[in-house]
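Student: My questions all concern the structure below.
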Amino acid sequence: MRLSNYFLPVLKETPADATIASHRFMLRAGMVKQDSAGIYIWLPLGFKVLQKIEQIVREEQNKAGAVEMLMPTIQSANHWKETGRYDAYGPEMLRITDRGDRELLYGPTNEDMITDMFRSYVRSYKDLPQMLYHSQWKFRDERRPRFGVMRGREFLMKDAYSFDIDPAAARVSYYKQFVAYLNTYARMGLQAVPMKADTGPIGGDLSHEFLILAETGESEVFCHKDLVDMPPPGYLDTDEAREAVFKERTSLYAATDEMHDADEFAKVPADKQLSARGIEVGHIFYFGDKYSAPMNAQVQGPDGKNHNIMMGSYGVGVSRLVGGIIEACHDENGIIWPKSVAPFGAGIINLRKGDEAVDAACEDIYAKLSAANIDPLYDDKDDRGGQKFARMDLIGLPYQIVVGPRGLKEGKVEVKTRASGEKQDMTIEAAINFITGEFAE
RNA sequence: CGGGGCGUAGCGCAGCCUGGUAGCGCACCUGUUUUGGGAACAGGGGGUCGCAAGUUCGAAUCUUGCCGCCCCGACCA
């Protein structure tokens, strides 16, 4: 992409509304614009990152055996009345009336809808297990939206739903998602720690929140330090292997302040105790027949009797992750994107537009990086160098190639690695090889 | 939902206390000189001062009501 042909409204000054780093940088880097409280327009740069995150989530869900679908944003109140949640949900649910005075709502989640859909087709235990997911915009009328997209009212969420014949089978589904979540966050350059979450009236040990550690996190967290160093499990093809990972990760202490047990935490060796702040980026839980029972979602088992379907749901806050990743990856100059979610792989800075040799070198690099699928952003604007450097640092592309007349006389360009700040002079060919090599890893 | 604050040009702000019809920086447009880390000079465009009512000869400024947004807390992916 040529910057002269892109829509990237960067701001030099920080908008007064933004207090935390991710919100500041997302506004300054021209990623989002607030339309009203907790509702954002996703500008091209922000939208690109959002889609990359969504795609990683999609790929890992598919690997876990989940099947993608799409449910509507607007739901009929009828499903919610059947489960009793229409009254239980409270003012966080945005209620709408259509021209025929029918009660609708903008969905805050989809358990009721998918349970209704599922029961209408499935009759036999032979049709189970099933795991379905979608990635869809949701709305919760938060009392106090804040922190930009991290706590918006409208947000993009991936939610998956599992359907099993009994609690033991549901546990197998849960492990699949548990492992998939560890791999999903690792691919985004994040270390997400699963922490025990409140299971409410369901009980049991099957509810976990996934948190990334960041100073600006909303929750206080306590965990064993070793959890923060564990590598992702990667793809596992047996239930036993997945269960082993689940046991490994949940055997060490990890809890948010609501579930914190100071006595248990005290049993963790002192040098392994970590108390920090975290951002919740996912939540998975098993809820059994909470919806299937009131909705009569049943299948006939091998015993000839009807059984309530045992369900679980698994959420990833996709739009929240955009902010969450920035909280974990930035410096005073701007964002530092992990390669996997960066909106462009590298930036090319033309320091002297109009100079024949510089223009030609930039075009050459642009063509070669494009051919290598690096998806470069070429700053071909007629701005001064300093402005280009500052802008490129702000939007945080992993690598920058700086092309100017001075270096070009020696046949060199400068390659800057955004994360380390390291700069090296090299030939154009070496620069291309270096960057394509970094992305091949 | 409790407590606090803000609304003046695209962005960041001053002016309000003590009423006299709006200003600064950045951004933007034109020109000249510049050009390797957010250039300098000169000229220029852009605002029903959130909305409404009231007080007054006169309201950005005082009064009342409404709307919007933010921050702290409680709550949530």
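Chain identifiers are assigned as A, B, and so on, following the order in which chains appear in the structure tokens; residues are numbered from 1 within each chain, and ligands are numbered from 1 in order of appearance.
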Kindly determine which residues of chain B lie within 7 Å of chain A, considering only C-alpha atoms (C1' of nucleotides), and give the answer as a list in words.

Tutor: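 Result, ordered by chain then number: C11, G12, U35, G36, G37, G38, C70 and A77 of chain B.
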
Student: Neighbouring residues of Gln300 of chain A were defined as those with any atom within 6 Å, considering only C-alpha atoms (C1' of nucleotides); residues of the same chain fewer than 3 positions away were excluded. Please report them as a PDB file with all heavy atoms, in the first residue's frame.

Tutor:
ATOM      1  N   SER A 124     -30.576 -37.087  18.234  1.00  0.00           N
ATOM      2  CA  SER A 124     -29.917 -38.305  18.705  1.00  0.00           C
ATOM      3  C   SER A 124     -28.528 -38.026  19.253  1.00  0.00           C
ATOM      4  O   SER A 124     -27.834 -37.124  18.773  1.00  0.00           O
ATOM      5  CB  SER A 124     -29.800 -39.292  17.535  1.00  0.00           C
ATOM      6  OG  SER A 124     -28.829 -40.281  17.823  1.00  0.00           O
ATOM      7  N   TYR A 125     -28.122 -38.831  20.222  1.00  0.00           N
ATOM      8  CA  TYR A 125     -26.763 -38.714  20.759  1.00  0.00           C
ATOM      9  C   TYR A 125     -25.740 -38.983  19.667  1.00  0.00           C
ATOM     10  O   TYR A 125     -24.590 -38.573  19.777  1.00  0.00           O
ATOM     11  CB  TYR A 125     -26.567 -39.705  21.922  1.00  0.00           C
ATOM     12  CG  TYR A 125     -26.427 -41.142  21.502  1.00  0.00           C
ATOM     13  CD1 TYR A 125     -25.160 -41.715  21.377  1.00  0.00           C
ATOM     14  CD2 TYR A 125     -27.548 -41.922  21.208  1.00  0.00           C
ATOM     15  CE1 TYR A 125     -25.017 -43.038  20.979  1.00  0.00           C
ATOM     16  CE2 TYR A 125     -27.416 -43.222  20.801  1.00  0.00           C
ATOM     17  CZ  TYR A 125     -26.151 -43.793  20.683  1.00  0.00           C
ATOM     18  OH  TYR A 125     -26.014 -45.092  20.275  1.00  0.00           O
ATOM     19  N   GLY A 304     -32.221 -44.991  25.202  1.00  0.00           N
ATOM     20  CA  GLY A 304     -33.592 -44.755  24.761  1.00  0.00           C
ATOM     21  C   GLY A 304     -34.277 -43.616  25.478  1.00  0.00           C
ATOM     22  O   GLY A 304     -35.417 -43.275  25.180  1.00  0.00           O
ATOM     23  N   LYS A 305     -33.590 -43.001  26.439  1.00  0.00           N
ATOM     24  CA  LYS A 305     -34.192 -41.894  27.173  1.00  0.00           C
ATOM     25  C   LYS A 305     -33.714 -40.563  26.614  1.00  0.00           C
ATOM     26  O   LYS A 305     -32.684 -40.487  25.941  1.00  0.00           O
ATOM     27  CB  LYS A 305     -33.803 -41.982  28.662  1.00  0.00           C
ATOM     28  CG  LYS A 305     -34.394 -43.183  29.370  1.00  0.00           C
ATOM     29  CD  LYS A 305     -33.885 -43.255  30.794  1.00  0.00           C
ATOM     30  CE  LYS A 305     -34.450 -44.501  31.492  1.00  0.00           C
ATOM     31  NZ  LYS A 305     -33.730 -44.764  32.749  1.00  0.00           N
ATOM     32  N   ASN A 306     -34.463 -39.494  26.958  1.00  0.00           N
ATOM     33  CA  ASN A 306     -34.046 -38.159  26.533  1.00  0.00           C
ATOM     34  C   ASN A 306     -33.072 -37.568  27.545  1.00  0.00           C
ATOM     35  O   ASN A 306     -33.265 -37.698  28.755  1.00  0.00           O
ATOM     36  CB  ASN A 306     -35.258 -37.241  26.405  1.00  0.00           C
ATOM     37  CG  ASN A 306     -36.037 -37.524  25.133  1.00  0.00           C
ATOM     38  OD1 ASN A 306     -35.449 -37.967  24.130  1.00  0.00           O
ATOM     39  ND2 ASN A 306     -37.335 -37.297  25.166  1.00  0.00           N
TER      40      ASN A 306
END

Student: Write down as a VMD selection string the residues of segment 125-259 of chain A whose backbone DSSP state falls under strand (DSSP E).

Tutor: chain A and resid 130 to 139 154 to 164 192 to 196 207 to 213 219 to 224 254 to 256

Student: Of the candidates A:Asp229, A:Asp141, A:Glu363, A:Glu422, which one gets nearest to Tyr89 of chain A if we count only C-alpha atoms?

Tutor: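 Residue with the minimum atom-to-atom distance to Tyr89 of chain A: A:Asp141.
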
Student: What's the 9 Å shell around Pro233 of chain A, counting only C-alpha atoms (C1' of nucleotides), without same-chain residues fewer than 3 positions away, as a list of chain:residue names?

Tutor: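 Neighbouring residues, sequence-local ones excluded: A:Val179, A:Ala180, A:Leu182, A:Asn183, A:Met230, A:Leu236, A:Arg242, A:Val245.
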
Student: Show me, as a count of residues only, the residues that have an atom within 8 Å of segment 44-51 of chain B when counting only C-alpha atoms (C1' of nucleotides), minus same-chain residues fewer than 4 positions from it.

Tutor: 9

Student: For Glu243 of chain A, which residue out of A:Tyr286, A:Ser173, A:Gly278, A:Tyr181 is the nearest one, using only C-alpha atoms?

Tutor: A:Ser173

Student: When DSSP works through the backbone of this structure, what residues of segment 6-114 of chain A end up as alpha helix (DSSP H), shown as a PyMOL selection string?

Tutor: chain A and resi 21-28+44-63+77-83+85-88+111-114

Student: Which neighbours of Met188 of chain A fall inside 10 Å, counting only C-alpha atoms (C1' of nucleotides), when residues of the same chain fewer than 2 positions from it are skipped, and could you give them as a PyMOL selection string?

Tutor: chain A and resi 52-53+56-57+183-186+190-191+321+325+337-342

Student: Using only C-alpha atoms (C1' of nucleotides), determine which residues lie at most 12 Å from A59 of chain B, disregarding the query and same-chain residues fewer than 4 positions distant; provide the list as a PyMOL selection string.

Tutor: chain B and resi 16+19-21+49+54-55+63

Student: For Ile165 of chain A, please output as a PDB file with C-alpha atoms, in the first residue's frame all residues within 8 Å (counting only C-alpha atoms (C1' of nucleotides); exclusion window: fewer than 2 positions along the same chain).

Tutor:
ATOM      1  CA  TYR A 125     -26.763 -38.714  20.759  1.00  0.00           C
ATOM      2  CA  LEU A 128     -23.055 -35.285  19.162  1.00  0.00           C
ATOM      3  CA  PRO A 129     -20.553 -33.934  19.961  1.00  0.00           C
ATOM      4  CA  PHE A 163     -22.899 -29.701  22.669  1.00  0.00           C
ATOM      5  CA  PRO A 167     -20.658 -33.999  31.570  1.00  0.00           C
ATOM      6  CA  ALA A 169     -17.982 -35.675  27.117  1.00  0.00           C
ATOM      7  CA  ALA A 170     -18.416 -31.955  27.757  1.00  0.00           C
ATOM      8  CA  VAL A 299     -31.325 -35.811  22.448  1.00  0.00           C
ATOM      9  CA  GLY A 301     -29.373 -41.449  24.308  1.00  0.00           C
ATOM     10  CA  HIS A 307     -31.037 -36.288  27.885  1.00  0.00           C
ATOM     11  CA  ASN A 308     -30.531 -32.572  28.245  1.00  0.00           C
ATOM     12  CA  ILE A 309     -27.640 -31.488  26.056  1.00  0.00           C
ATOM     13  CA  MET A 310     -24.581 -30.523  28.098  1.00  0.00           C
TER      14      MET A 310
END

Student: Could you check the closest approach to Pro44 of chain A for each of A:Met71, A:Ala367, A:Ala77, A:Val10 and tell me which residue wins, using only C-alpha atoms?

Tutor: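 Residue with the minimum atom-to-atom distance to Pro44 of chain A: A:Val10.
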
Student: When you draw a straight line from atom CA of Leu369 of chain A to atom CA of Ile435 of chain A, how long is it in Å?

Tutor: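 Taking atom CA of Leu369 of chain A as the start and atom CA of Ile435 of chain A as the end point, the length is 8.4 Å.
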